[in-house]
Every structure is written in structure tokens, then in C-alpha cells.
file input_15.txt (compact mmCIF, C-alpha atoms and all ligand atoms)
# COMPACT_ATOMS: atom_id res chain seq x y z
CA MET C 1 23.00 79.59 -65.89
CA SER C 2 22.15 76.65 -64.01
CA GLY C 3 21.00 76.93 -60.39
CA PRO C 4 20.66 74.18 -57.81
CA ASN C 5 18.83 71.24 -59.21
CA THR C 6 15.87 71.19 -56.83
CA ASP C 7 14.01 68.76 -59.01
CA TYR C 8 16.61 66.06 -58.68
CA ASP C 9 14.84 63.13 -57.17
CA PRO C 10 16.96 60.03 -56.87
CA VAL C 11 14.03 57.60 -56.36
CA GLU C 12 16.11 55.06 -58.03
CA VAL C 13 17.45 53.82 -54.66
CA THR C 14 17.06 50.14 -55.44
CA PRO C 15 15.93 48.71 -52.10
CA LEU C 16 13.16 51.26 -51.94
CA LYS C 17 11.64 50.48 -55.29
CA PRO C 18 8.02 49.41 -54.74
CA GLU C 19 8.56 46.05 -56.37
CA GLU C 20 11.65 45.46 -54.21
CA VAL C 21 9.78 46.32 -51.03
CA ASP C 22 6.84 44.20 -52.09
CA SER C 23 8.98 41.23 -52.95
CA ALA C 24 10.91 41.55 -49.66
CA ARG C 25 7.56 41.64 -47.83
CA ASP C 26 6.17 38.72 -49.78
CA ALA C 27 9.31 36.69 -49.23
CA ALA C 28 9.04 37.44 -45.52
CA LEU C 29 5.35 36.52 -45.38
CA ALA C 30 5.98 33.30 -47.29
CA ALA C 31 8.85 32.36 -44.99
CA ILE C 32 6.70 33.11 -41.92
CA ALA C 33 3.86 31.00 -43.24
CA GLY C 34 6.33 28.23 -44.00
CA ALA C 35 7.87 28.14 -40.51
CA THR C 36 6.60 25.03 -38.79
CA THR C 37 8.41 25.29 -35.49
CA LEU C 38 9.25 28.04 -33.06
CA GLU C 39 12.91 27.43 -33.85
CA GLU C 40 12.32 27.96 -37.57
CA LEU C 41 10.27 31.07 -36.88
CA LYS C 42 13.11 32.49 -34.83
CA GLN C 43 15.41 32.04 -37.82
CA VAL C 44 12.83 33.63 -40.17
CA ARG C 45 12.45 36.56 -37.79
CA SER C 46 16.14 37.30 -37.84
CA GLU C 47 16.37 36.92 -41.63
CA HIS C 48 13.28 38.96 -42.53
CA ALA C 49 12.79 41.36 -39.65
CA GLY C 50 16.26 41.54 -38.07
CA ASP C 51 18.71 44.44 -38.35
CA ARG C 52 20.23 43.05 -41.53
CA SER C 53 16.99 42.05 -43.23
CA PRO C 54 16.14 43.62 -46.65
CA LEU C 55 13.32 45.67 -45.14
CA ALA C 56 15.51 47.00 -42.31
CA LEU C 57 18.17 47.94 -44.87
CA ALA C 58 15.52 49.63 -47.04
CA ASN C 59 14.30 51.51 -44.00
CA ARG C 60 17.77 52.83 -43.45
CA GLU C 61 17.92 54.18 -46.99
CA ILE C 62 14.89 56.42 -46.44
CA GLY C 63 17.01 59.05 -44.74
CA ALA C 64 19.05 59.44 -47.89
CA LEU C 65 15.99 60.40 -49.98
CA PRO C 66 15.07 63.96 -50.72
CA PRO C 67 12.34 65.15 -48.36
CA GLN C 68 9.56 64.96 -50.90
CA ALA C 69 10.25 61.30 -51.59
CA ARG C 70 10.61 60.22 -47.99
CA LYS C 71 6.98 60.15 -47.04
CA GLU C 72 5.92 57.75 -49.73
CA ALA C 73 8.92 55.47 -49.28
CA GLY C 74 8.50 55.62 -45.54
CA GLN C 75 4.87 54.56 -45.81
CA ARG C 76 5.68 51.75 -48.17
CA VAL C 77 8.46 50.34 -46.05
CA GLY C 78 6.55 50.98 -42.83
CA GLN C 79 3.49 49.11 -44.09
CA ALA C 80 5.60 46.25 -45.34
CA ARG C 81 7.41 45.97 -41.99
CA GLY C 82 4.11 46.28 -40.14
CA ALA C 83 2.65 43.45 -42.20
CA VAL C 84 5.72 41.30 -41.53
CA ASN C 85 5.65 42.00 -37.78
CA GLN C 86 1.95 41.29 -37.61
CA ALA C 87 2.44 38.02 -39.46
CA LEU C 88 5.33 37.12 -37.17
CA SER C 89 3.35 37.60 -34.01
CA THR C 90 0.33 35.75 -35.35
CA ARG C 91 2.50 32.82 -36.40
CA GLN C 92 4.35 32.94 -33.08
CA ALA C 93 1.07 32.62 -31.21
CA GLU C 94 -0.06 29.78 -33.48
CA LEU C 95 3.16 27.83 -33.07
CA GLU C 96 3.19 28.34 -29.30
CA ALA C 97 -0.33 27.01 -29.09
CA GLU C 98 0.58 24.04 -31.27
CA HIS C 99 3.65 23.38 -29.15
CA GLU C 100 1.62 23.37 -25.96
CA ALA C 101 -1.04 21.19 -27.47
CA ARG C 102 1.61 18.74 -28.61
CA ILE C 103 3.25 18.68 -25.20
CA LEU C 104 -0.13 18.01 -23.63
CA VAL C 105 -0.55 15.03 -25.91
CA GLU C 106 3.04 13.77 -25.83
CA GLU C 107 3.48 14.13 -22.10
CA ALA C 108 0.01 13.03 -21.15
CA VAL C 109 -0.05 10.54 -18.29
CA ASP C 110 -2.62 7.82 -18.28
CA VAL C 111 -3.56 7.75 -14.65
CA THR C 112 -5.54 4.58 -15.17
CA LEU C 113 -2.43 2.54 -16.05
CA PRO C 114 -1.16 0.25 -13.30
CA THR C 115 1.62 2.11 -11.49
CA ASP C 116 4.27 -0.20 -10.15
CA ARG C 117 4.13 -3.89 -10.84
CA ILE C 118 6.27 -4.52 -7.78
CA PRO C 119 4.09 -3.32 -4.93
CA ALA C 120 5.87 -1.39 -2.22
CA GLY C 121 6.12 -3.28 1.03
CA ALA C 122 5.57 -1.95 4.49
CA ARG C 123 7.07 -2.54 7.88
CA HIS C 124 5.52 -5.56 9.53
CA PRO C 125 2.95 -4.85 12.24
CA LEU C 126 4.98 -7.00 14.63
CA THR C 127 7.97 -4.72 14.14
CA THR C 128 5.99 -1.52 14.49
CA GLY C 129 4.02 -3.05 17.38
CA ALA C 130 7.19 -4.00 19.27
CA GLU C 131 8.56 -0.50 18.66
CA LEU C 132 5.37 1.10 19.89
CA ILE C 133 5.58 -0.92 23.11
CA ALA C 134 9.26 -0.08 23.54
CA ASP C 135 8.48 3.62 22.98
CA ILE C 136 5.87 3.63 25.74
CA PHE C 137 8.51 2.44 28.21
CA VAL C 138 11.37 4.52 26.81
CA ALA C 139 9.12 7.56 27.38
CA MET C 140 9.14 6.63 31.09
CA GLY C 141 12.93 6.43 31.13
CA TRP C 142 13.21 2.65 30.71
CA GLU C 143 15.77 1.01 28.45
CA VAL C 144 15.32 -1.69 25.82
CA ALA C 145 17.30 -4.90 26.41
CA GLU C 146 17.66 -7.88 24.14
CA GLY C 147 18.98 -11.39 24.49
CA PRO C 148 19.68 -14.34 22.20
CA VAL C 149 16.87 -16.67 21.09
CA ILE C 150 19.20 -19.66 21.50
CA GLU C 151 19.67 -19.66 25.23
CA SER C 152 21.34 -21.68 27.92
CA GLU C 153 19.09 -23.95 29.92
CA TRP C 154 20.40 -22.32 33.07
CA LEU C 155 19.27 -18.80 32.10
CA ASN C 156 15.98 -19.97 30.63
CA PHE C 157 15.08 -22.12 33.66
CA ASP C 158 17.44 -22.48 36.64
CA ALA C 159 18.25 -18.81 37.17
CA LEU C 160 14.51 -18.16 37.14
CA ASN C 161 13.80 -20.69 39.86
CA LEU C 162 12.32 -23.25 37.50
CA GLY C 163 13.70 -26.38 39.11
CA PRO C 164 14.90 -29.43 37.18
CA ASP C 165 11.52 -31.08 37.63
CA HIS C 166 9.48 -28.18 36.34
CA PRO C 167 7.03 -29.47 33.74
CA ALA C 168 7.87 -26.68 31.29
CA ARG C 169 11.24 -28.27 30.74
CA THR C 170 9.78 -31.45 29.33
CA MET C 171 9.96 -32.48 25.74
CA GLN C 172 6.38 -31.30 25.29
CA ASP C 173 7.09 -27.63 25.78
CA THR C 174 10.71 -26.88 25.01
CA PHE C 175 12.75 -27.10 21.85
CA TRP C 176 16.10 -28.55 22.87
CA THR C 177 19.12 -28.29 20.67
CA GLU C 178 21.47 -31.18 20.07
CA PRO C 179 23.54 -32.53 21.65
CA ALA C 180 21.25 -32.59 24.70
CA ASP C 181 24.18 -32.45 27.09
CA ALA C 182 25.04 -28.96 25.79
CA HIS C 183 21.94 -27.77 27.74
CA VAL C 184 20.97 -25.25 25.14
CA VAL C 185 17.32 -24.44 24.30
CA LEU C 186 15.33 -22.12 22.09
CA ARG C 187 14.17 -19.73 24.77
CA THR C 188 10.62 -20.47 25.88
CA HIS C 189 10.01 -16.95 27.19
CA THR C 190 11.76 -13.56 27.31
CA SER C 191 12.39 -13.95 31.05
CA PRO C 192 16.04 -15.08 30.58
CA VAL C 193 16.69 -11.48 29.46
CA GLN C 194 15.74 -10.50 33.05
CA ALA C 195 18.47 -12.78 34.33
CA ARG C 196 21.00 -11.56 31.77
CA THR C 197 20.24 -7.94 32.65
CA MET C 198 20.59 -8.45 36.40
CA LEU C 199 23.85 -10.34 35.90
CA THR C 200 25.39 -7.54 33.84
CA ARG C 201 24.00 -4.37 35.40
CA THR C 202 23.63 -2.93 38.83
CA PRO C 203 20.28 -1.61 40.11
CA PRO C 204 18.33 0.54 39.60
CA ILE C 205 17.26 -1.42 36.51
CA TYR C 206 14.29 -0.55 34.30
CA VAL C 207 14.27 -2.59 31.11
CA VAL C 208 11.75 -3.73 28.57
CA CYS C 209 12.66 -6.75 26.43
CA PRO C 210 10.70 -7.57 23.27
CA GLY C 211 11.64 -10.71 21.35
CA ARG C 212 10.87 -14.04 19.76
CA VAL C 213 10.17 -17.12 21.86
CA PHE C 214 9.59 -20.80 21.01
CA ARG C 215 7.40 -23.56 22.36
CA THR C 216 6.44 -26.91 20.93
CA ASP C 217 2.88 -25.77 20.24
CA GLU C 218 0.70 -26.74 17.31
CA TYR C 219 0.35 -24.12 14.58
CA ASP C 220 -3.28 -23.02 14.56
CA ALA C 221 -5.45 -19.91 14.83
CA THR C 222 -4.38 -19.24 18.42
CA HIS C 223 -1.03 -21.05 18.75
CA SER C 224 2.31 -20.97 17.04
CA PRO C 225 5.63 -22.68 17.83
CA MET C 226 7.23 -19.24 17.46
CA PHE C 227 5.65 -16.13 18.88
CA HIS C 228 6.66 -12.85 20.49
CA GLN C 229 6.73 -11.65 24.04
CA VAL C 230 7.60 -8.46 25.78
CA GLU C 231 9.12 -8.66 29.21
CA GLY C 232 9.40 -5.82 31.69
CA LEU C 233 11.73 -5.73 34.68
CA ALA C 234 12.13 -3.02 37.32
CA ILE C 235 14.63 -3.47 40.15
CA ASP C 236 15.05 -0.67 42.67
CA GLU C 237 14.75 0.04 46.37
CA GLY C 238 11.21 -0.20 47.71
CA ILE C 239 9.53 -1.56 44.58
CA SER C 240 6.07 -2.92 45.37
CA MET C 241 3.05 -4.50 43.70
CA ALA C 242 1.53 -0.98 43.54
CA HIS C 243 4.30 0.16 41.18
CA LEU C 244 3.63 -2.91 39.04
CA LYS C 245 -0.09 -2.17 38.87
CA GLY C 246 0.44 1.50 38.04
CA THR C 247 2.94 0.64 35.32
CA LEU C 248 0.66 -1.92 33.68
CA ASP C 249 -2.35 0.42 33.85
CA HIS C 250 -0.30 3.08 32.09
CA PHE C 251 0.92 0.55 29.51
CA ALA C 252 -2.67 -0.62 28.87
CA ALA C 253 -4.00 2.93 28.47
CA GLN C 254 -1.20 3.82 26.06
CA MET C 255 -1.79 0.69 23.99
CA PHE C 256 -5.56 0.57 24.01
CA GLY C 257 -6.79 4.02 25.02
CA ASP C 258 -7.71 5.98 28.14
CA GLY C 259 -9.85 4.14 30.63
CA ILE C 260 -8.49 0.70 29.74
CA THR C 261 -7.10 -0.54 33.05
CA THR C 262 -5.90 -3.90 34.34
CA ARG C 263 -6.87 -6.31 37.07
CA PHE C 264 -4.73 -8.93 38.76
CA ARG C 265 -5.77 -12.52 39.47
CA PRO C 266 -3.63 -14.59 41.85
CA SER C 267 -1.39 -17.00 39.99
CA TYR C 268 1.91 -18.79 40.19
CA PHE C 269 5.24 -18.34 38.41
CA PRO C 270 8.42 -19.74 39.92
CA PHE C 271 10.28 -16.47 39.26
CA THR C 272 7.76 -14.13 40.91
CA GLU C 273 6.21 -14.15 44.39
CA PRO C 274 3.47 -13.09 44.69
CA SER C 275 2.41 -13.68 41.09
CA ALA C 276 -0.64 -12.61 39.13
CA GLU C 277 -2.32 -13.02 35.80
CA VAL C 278 -2.98 -9.60 34.25
CA ASP C 279 -6.33 -8.98 32.57
CA LEU C 280 -7.25 -5.97 30.51
CA VAL C 281 -10.65 -4.24 30.55
CA CYS C 282 -12.18 -5.32 27.25
CA PHE C 283 -11.48 -2.34 25.03
CA VAL C 284 -14.44 -3.18 22.80
CA CYS C 285 -17.31 -3.37 25.29
CA ARG C 286 -15.29 -1.70 28.07
CA GLY C 287 -16.87 -4.17 30.45
CA VAL C 288 -20.18 -2.32 30.15
CA ASP C 289 -22.15 -4.85 28.13
CA PRO C 290 -20.00 -7.96 27.96
CA GLU C 291 -22.85 -10.41 27.24
CA SER C 292 -22.99 -9.51 23.55
CA CYS C 293 -19.26 -8.78 23.14
CA ARG C 294 -17.43 -11.07 20.74
CA THR C 295 -14.00 -9.85 21.79
CA CYS C 296 -14.12 -10.78 25.48
CA ARG C 297 -16.90 -13.36 24.99
CA GLY C 298 -18.96 -12.16 27.90
CA GLU C 299 -16.07 -11.71 30.34
CA GLY C 300 -15.60 -7.94 30.24
CA TRP C 301 -11.88 -8.72 30.61
CA ILE C 302 -9.18 -10.08 28.33
CA GLU C 303 -6.23 -12.15 29.53
CA TRP C 304 -3.07 -10.24 28.78
CA GLY C 305 -0.06 -11.83 30.52
CA GLY C 306 1.70 -12.72 33.73
CA CYS C 307 3.44 -10.62 36.36
CA GLY C 308 4.61 -10.43 39.92
CA ILE C 309 7.23 -9.35 42.41
CA VAL C 310 10.58 -10.83 41.44
CA ASN C 311 11.27 -13.85 43.63
CA PRO C 312 14.23 -13.05 45.96
CA ARG C 313 15.72 -16.41 44.93
CA VAL C 314 15.96 -15.05 41.36
CA LEU C 315 17.54 -11.82 42.61
CA ARG C 316 20.16 -13.81 44.53
CA ALA C 317 20.82 -16.19 41.62
CA CYS C 318 21.53 -13.16 39.48
CA GLY C 319 23.77 -11.39 41.98
CA VAL C 320 21.32 -8.75 43.22
CA ASP C 321 21.22 -7.91 46.94
CA SER C 322 17.72 -9.11 47.81
CA GLU C 323 17.82 -7.39 51.23
CA ARG C 324 18.28 -4.00 49.64
CA TYR C 325 16.43 -4.33 46.36
CA SER C 326 13.10 -5.60 45.22
CA GLY C 327 11.54 -5.61 41.80
CA PHE C 328 8.62 -6.44 39.62
CA ALA C 329 8.43 -8.27 36.31
CA PHE C 330 5.75 -8.85 33.74
CA GLY C 331 5.51 -10.62 30.42
CA MET C 332 2.88 -10.69 27.71
CA GLY C 333 2.45 -11.89 24.16
CA ILE C 334 3.02 -9.19 21.56
CA ASP C 335 1.14 -11.20 18.94
CA ARG C 336 -1.86 -11.56 21.23
CA THR C 337 -1.73 -7.86 22.05
CA LEU C 338 -1.74 -6.98 18.34
CA MET C 339 -4.56 -9.44 17.68
CA PHE C 340 -6.76 -7.58 20.17
CA ARG C 341 -5.63 -4.22 18.97
CA HIS C 342 -6.33 -4.88 15.30
CA GLY C 343 -9.22 -7.29 15.74
CA LEU C 344 -7.35 -10.20 14.09
CA GLU C 345 -9.17 -13.52 14.14
CA ASP C 346 -6.24 -15.75 13.24
CA LEU C 347 -2.75 -15.56 14.73
CA ARG C 348 -1.29 -17.04 11.53
CA THR C 349 -1.97 -13.88 9.52
CA LEU C 350 0.85 -12.31 11.54
CA PHE C 351 3.36 -14.90 10.36
CA GLU C 352 2.48 -15.63 6.76
CA GLY C 353 4.17 -12.62 5.21
CA ASP C 354 1.29 -11.65 2.93
CA VAL C 355 1.93 -8.04 1.84
CA ARG C 356 -1.80 -7.41 1.58
CA PHE C 357 -1.89 -7.84 5.34
CA THR C 358 1.36 -6.02 6.03
CA THR C 359 0.55 -2.96 3.93
CA ALA C 360 -2.83 -2.59 5.56
CA PHE C 361 -1.04 -1.97 8.86
CA GLY C 362 2.15 -0.52 7.41
CA SER C 363 1.24 3.10 8.03
CA GLU C 364 -0.27 2.39 11.42
CA LEU C 365 1.63 3.87 14.32
N1 LIG C 401 7.56 -15.67 31.48
C1 LIG C 401 6.16 -15.80 31.74
C2 LIG C 401 5.50 -16.60 30.60
O1 LIG C 401 6.12 -16.79 29.60
C3 LIG C 401 5.47 -14.48 31.88
C4 LIG C 401 5.96 -13.69 33.05
C5 LIG C 401 6.99 -12.81 32.93
C6 LIG C 401 5.37 -13.87 34.30
C7 LIG C 401 7.44 -12.08 34.02
C8 LIG C 401 5.77 -13.15 35.38
C9 LIG C 401 6.81 -12.27 35.24
O2 LIG C 401 4.39 -17.00 30.71

call {"tool": "encode", "arguments": {"input": "input_15.txt", "output": "C-alpha cells"}}
result
Amino acid sequence: MSGPNTDYDPVEVTPLKPEEVDSARDAALAAIAGATTLEELKQVRSEHAGDRSPLALANREIGALPPQARKEAGQRVGQARGAVNQALSTRQAELEAEHEARILVEEAVDVTLPTDRIPAGARHPLTTGAELIADIFVAMGWEVAEGPVIESEWLNFDALNLGPDHPARTMQDTFWTEPADAHVVLRTHTSPVQARTMLTRTPPIYVVCPGRVFRTDEYDATHSPMFHQVEGLAIDEGISMAHLKGTLDHFAAQMFGDGITTRFRPSYFPFTEPSAEVDLVCFVCRGVDPESCRTCRGEGWIEWGGCGIVNPRVLRACGVDSERYSGFAFGMGIDRTLMFRHGLEDLRTLFEGDVRFTTAFGSEL
């Protein structure tokens, strides 16, 4: 009688046949070797090593084998899968390396190429210089005031006690607009902003007024028919020459560094009484060894501007009670100040708009 057929060995499970396993492995290895991109390799991985790949399906069949056949089939499939996985990770590493190498080449930047053919500009030193000056005064609680460059004759001259016969009014100094009987000029100084401020505000007044001014000067290394001034005006009770001196010493130290002070020389302006010329300690030689100094040319001092106590006639012309209030005013050339500060030899470099000049000072504070 027949008993259980213990010899039955269904090794005929097709996917597990050695030649099937070998050909599945070889197909996988060939596909891996043929993958030329990481994308392709991903596809190959899912086809030849994914859950539905021939070798994964073969692996699943092992459980169905009789115990004595499992070991051999398991080894065969296991080795084939091992070889495929090994090949996959080797190829993966190769393709990643190739990818990186290609990116390094493709995305390489030639740092020696010219960058931008349109060079970036920079703020003009006159703009930043005027702002620096304004900031020094704003930090002391002053305000910035501005006025028009086309100004009435009255505000430019009469209100400031420059009588009709004052030589500055002549054709040699002033640009007059036409028709002449309109009495309109290009302002010759920033002082009309003093008058405008006093006419529109009530004291106390502390204003600083930077701006363009015009005079019929030749255009050369030290003159220009258009230049810049900054005017200061303080009107309050009890203002004296001492306040003026202290303010200008502070201004000079902020602009040129600690220890740079000012001195006053008696002078005359119709709108101030008393009046003074302001000189600055030469910030190059500091007055110590002026003989060999090219900046102050042996003086130890540099002329900076004009100043004085506001003439009571100007206060009255502008509606300020001259019994109660007094004030000081000063005015200096911004261009001149920047020439000292940056060691410029020629005033014209400030006006010619050459970006090589502007950018050199563009980041300067
Ligand atoms: N306005 C004068 C000038 O242009 C300078 C100045 C201003 C003098 C204020 C005294 C007071 O030369």
C-alpha cells in the first residue's frame, strides 16, 4: 500500500530553476550597468529589485518548497539578490559621483569674468557730506531748513541788511534773472534761508540750512559759479558769541576729529554784528609743524567760513523782537569742507559726475 510520498520534491517551481534565477540576475545586472542616470537607475531598481521583480517573486516561492529543497533554492536566490543589490549600490555611488562632477562643471562660475558691465553708482560725496553735517546738528536738537535757489532780491539782500549799494549786488557777483524789474536772483548765499525761517517761525529757532548757491565766478580749481553752503542760525534769549564759538568747535571736532578747534578773526558782514571769519586748526599738521604742511601752507589754520551775532536790523526786518531775542549765524562752503576732508586738489572733481570719483567716496560716512 502506498504511504505518504516523502520523496516528492516539486523542484520544478519555474521561477526557482537555476537558469531562471541566473537569467533574472543577469538581466538585472545588465540593466544596472546600462543605467546612465540616477533616474534610470531608480527605474531599474524597481523593476529588478522591487517587490514585483522576478527575484522577489522567486524568493516568495521558496516557502512553498519542501524543506530539503529550500536551502539550496534559498542560497541561489539570496546570492542572486545579493549580487543585484551590490551592483545597485555600486552603480548608485558611481552615478551620484558623476552627477556631482557634472554639476561642478556645468554650474562652475568663472570668477575672473567681468561682473556687471554697468557699474553700480554711489551716492555723491556732496549729498553724503551735506547729510553728515545736517546729522551733527540734528543730534543737538536743531532742525534742517531749506529754501529755493531762485530767490527774491529782497530776501537775498535787503532783509539781510545788504543795502542797495552793496557791491555784492553788482553784475559781477550775482546772477540776475530776466526781466530785471522782477528782482529775482539765483541766491548768492544760503543766508536768505535765515530770513525765511525767522519770517515763518517764532523763536527759539535752531536751524541748519545746506544748499546750492550761485555767483558769477570763473570755473577753475578753486572756484565754481555753483557751489554749496551750509548756514546755521540760532535765535533764542541770551544767545552770545560764546554759544557760537562752542557750537563751531563742536561742529569742527565732529567733522574733522577731536582736538580740531576754531578761531575767530574780526570781519564784516552786513547781517552780523560783530562778525568774524572762522578758521579751523589745520587737521593735517594740527598747527604743530605748519612750515612743511601743504594743506594749510604754513598757516596752521584753514579758512572755513563766516559767522557772527545776527544784526538786530536783520531780526527786526524778519519780525523778531530784537529786545528779547538775540542770535548767531554762520555759513561755510560744503565743497571747501569736503575738499579739506578728503584732500581734494581740484574743486571741479566734485562737479564732474565721474563715477570713479563718486564710488571712491560712496561708502564713506
Ligand atoms: N553768507 C555769508 C557768505 O556767503 C556767510 C555768513 C553766513 C556769514 C552767516 C555770517 C553769518 O559769505

call {"tool": "atom_distance", "arguments": {"input": "input_15.txt", "atom1": "atom CA of Pro167 of chain C", "atom2": "atom CA of Asp217 of chain C"}}
result
14.6 Å

call {"tool": "closest_residue", "arguments": {"input": "input_15.txt", "among": "C:Val320, C:Val281, C:Ala276, C:Val138", "to": "Gln194 of chain C", "atoms": "only C-alpha atoms"}}
result
C:Val320

call {"tool": "closest_residue", "arguments": {"input": "input_15.txt", "among": "C:Val111, C:Ile235, C:Pro179, C:His48", "to": "Val21 of chain C", "atoms": "only C-alpha atoms"}}
result
C:His48

call {"tool": "closest_residue", "arguments": {"input": "input_15.txt", "among": "C:Gly353, C:Pro266, C:Gly34, C:Gly298", "to": "Ala122 of chain C", "atoms": "all atoms listed in the file"}}
result
C:Gly353

call {"tool": "axis_aligned_box", "arguments": {"input": "input_15.txt", "around": "segment 132-143 of chain C", "padding_each_side": "4 Å", "output": "AutoDock Vina command-line options"}}
result
--center_x 10.6 --center_y 3.3 --center_z 25.5 --size_x 18.4 --size_y 16.5 --size_z 19.2

call {"tool": "residues_near_ligand", "arguments": {"input": "input_15.txt", "ligand": "ligand LIG 401 (chain C)", "cutoff": "6 Å", "atoms": "all atoms listed in the file", "output": "PyMOL selection string"}}
result
chain C and resi 189+191+231+272+306-308+329-331

call {"tool": "residues_around", "arguments": {"input": "input_15.txt", "residues": "segment 84-101 of chain C", "least_positions_apart": "4", "cutoff": "7 Å", "atoms": "all atoms listed in the file", "output": "ChimeraX atom specification"}}
result
/C:25,28-29,32,37-38,80,105

call {"tool": "decode", "arguments": {"input": "input_15.txt", "residues": "segment 157-178 of chain C", "atoms": "N, CA, C and O atoms", "output": "short mmCIF file (atom, residue, chain, number, x, y, z; two decimals), in the first residue's frame"}}
result
data_model
loop_
_atom_site.label_atom_id
_atom_site.label_comp_id
_atom_site.auth_asym_id
_atom_site.auth_seq_id
_atom_site.Cartn_x
_atom_site.Cartn_y
_atom_site.Cartn_z
N PHE C 157 19.17 139.96 -0.24
CA PHE C 157 19.98 141.13 0.10
C PHE C 157 19.33 142.03 1.15
O PHE C 157 19.87 142.18 2.24
N ASP C 158 18.19 142.63 0.83
CA ASP C 158 17.63 143.69 1.70
C ASP C 158 17.36 143.21 3.11
O ASP C 158 17.74 143.86 4.09
N ALA C 159 16.69 142.05 3.22
CA ALA C 159 16.32 141.56 4.55
C ALA C 159 17.58 141.30 5.38
O ALA C 159 17.54 141.30 6.61
N LEU C 160 18.70 141.09 4.70
CA LEU C 160 19.94 140.77 5.39
C LEU C 160 20.84 141.99 5.55
O LEU C 160 22.04 141.87 5.78
N ASN C 161 20.21 143.17 5.39
CA ASN C 161 20.94 144.42 5.62
C ASN C 161 22.03 144.69 4.59
O ASN C 161 23.00 145.36 4.87
N LEU C 162 21.90 144.07 3.43
CA LEU C 162 22.80 144.41 2.32
C LEU C 162 22.09 145.49 1.52
O LEU C 162 21.16 145.21 0.77
N GLY C 163 22.52 146.73 1.74
CA GLY C 163 21.83 147.87 1.13
C GLY C 163 21.92 147.85 -0.39
O GLY C 163 22.69 147.08 -0.97
N PRO C 164 21.13 148.72 -1.03
CA PRO C 164 21.09 148.74 -2.50
C PRO C 164 22.45 149.00 -3.13
O PRO C 164 22.69 148.58 -4.26
N ASP C 165 23.35 149.61 -2.38
CA ASP C 165 24.66 149.93 -2.97
C ASP C 165 25.71 148.87 -2.67
O ASP C 165 26.88 149.05 -3.00
N HIS C 166 25.29 147.81 -2.01
CA HIS C 166 26.31 146.82 -1.63
C HIS C 166 26.95 146.22 -2.88
O HIS C 166 26.23 145.83 -3.82
N PRO C 167 28.27 146.14 -2.88
CA PRO C 167 28.95 145.68 -4.10
C PRO C 167 28.56 144.26 -4.54
O PRO C 167 28.62 143.95 -5.73
N ALA C 168 28.14 143.44 -3.60
CA ALA C 168 27.78 142.05 -3.97
C ALA C 168 26.61 142.01 -4.94
O ALA C 168 26.42 141.04 -5.65
N ARG C 169 25.84 143.07 -4.96
CA ARG C 169 24.67 143.07 -5.84
C ARG C 169 25.04 143.30 -7.31
O ARG C 169 24.22 143.12 -8.18
N THR C 170 26.25 143.75 -7.53
CA THR C 170 26.57 144.18 -8.90
C THR C 170 26.56 143.01 -9.87
O THR C 170 26.56 141.85 -9.47
N MET C 171 26.62 143.37 -11.12
CA MET C 171 26.60 142.38 -12.18
C MET C 171 27.76 141.40 -12.06
O MET C 171 27.71 140.30 -12.56
N GLN C 172 28.83 141.81 -11.37
CA GLN C 172 29.98 140.93 -11.29
C GLN C 172 29.76 139.71 -10.39
O GLN C 172 30.40 138.71 -10.55
N ASP C 173 28.90 139.83 -9.42
CA ASP C 173 28.78 138.75 -8.45
C ASP C 173 27.50 137.94 -8.56
O ASP C 173 27.47 136.77 -8.22
N THR C 174 26.43 138.60 -8.99
CA THR C 174 25.11 137.99 -8.86
C THR C 174 24.53 137.61 -10.23
O THR C 174 24.64 138.38 -11.18
N PHE C 175 23.94 136.46 -10.29
CA PHE C 175 23.16 136.08 -11.47
C PHE C 175 21.75 136.63 -11.29
O PHE C 175 21.03 136.23 -10.37
N TRP C 176 21.39 137.54 -12.17
CA TRP C 176 20.03 138.10 -12.13
C TRP C 176 19.17 137.40 -13.15
O TRP C 176 19.65 137.04 -14.22
N THR C 177 17.93 137.20 -12.82
CA THR C 177 17.04 136.61 -13.83
C THR C 177 16.36 137.75 -14.60
O THR C 177 16.35 138.90 -14.15
N GLU C 178 15.84 137.41 -15.74
CA GLU C 178 15.12 138.42 -16.53
C GLU C 178 13.62 138.22 -16.38
O GLU C 178 13.18 137.08 -16.18
#
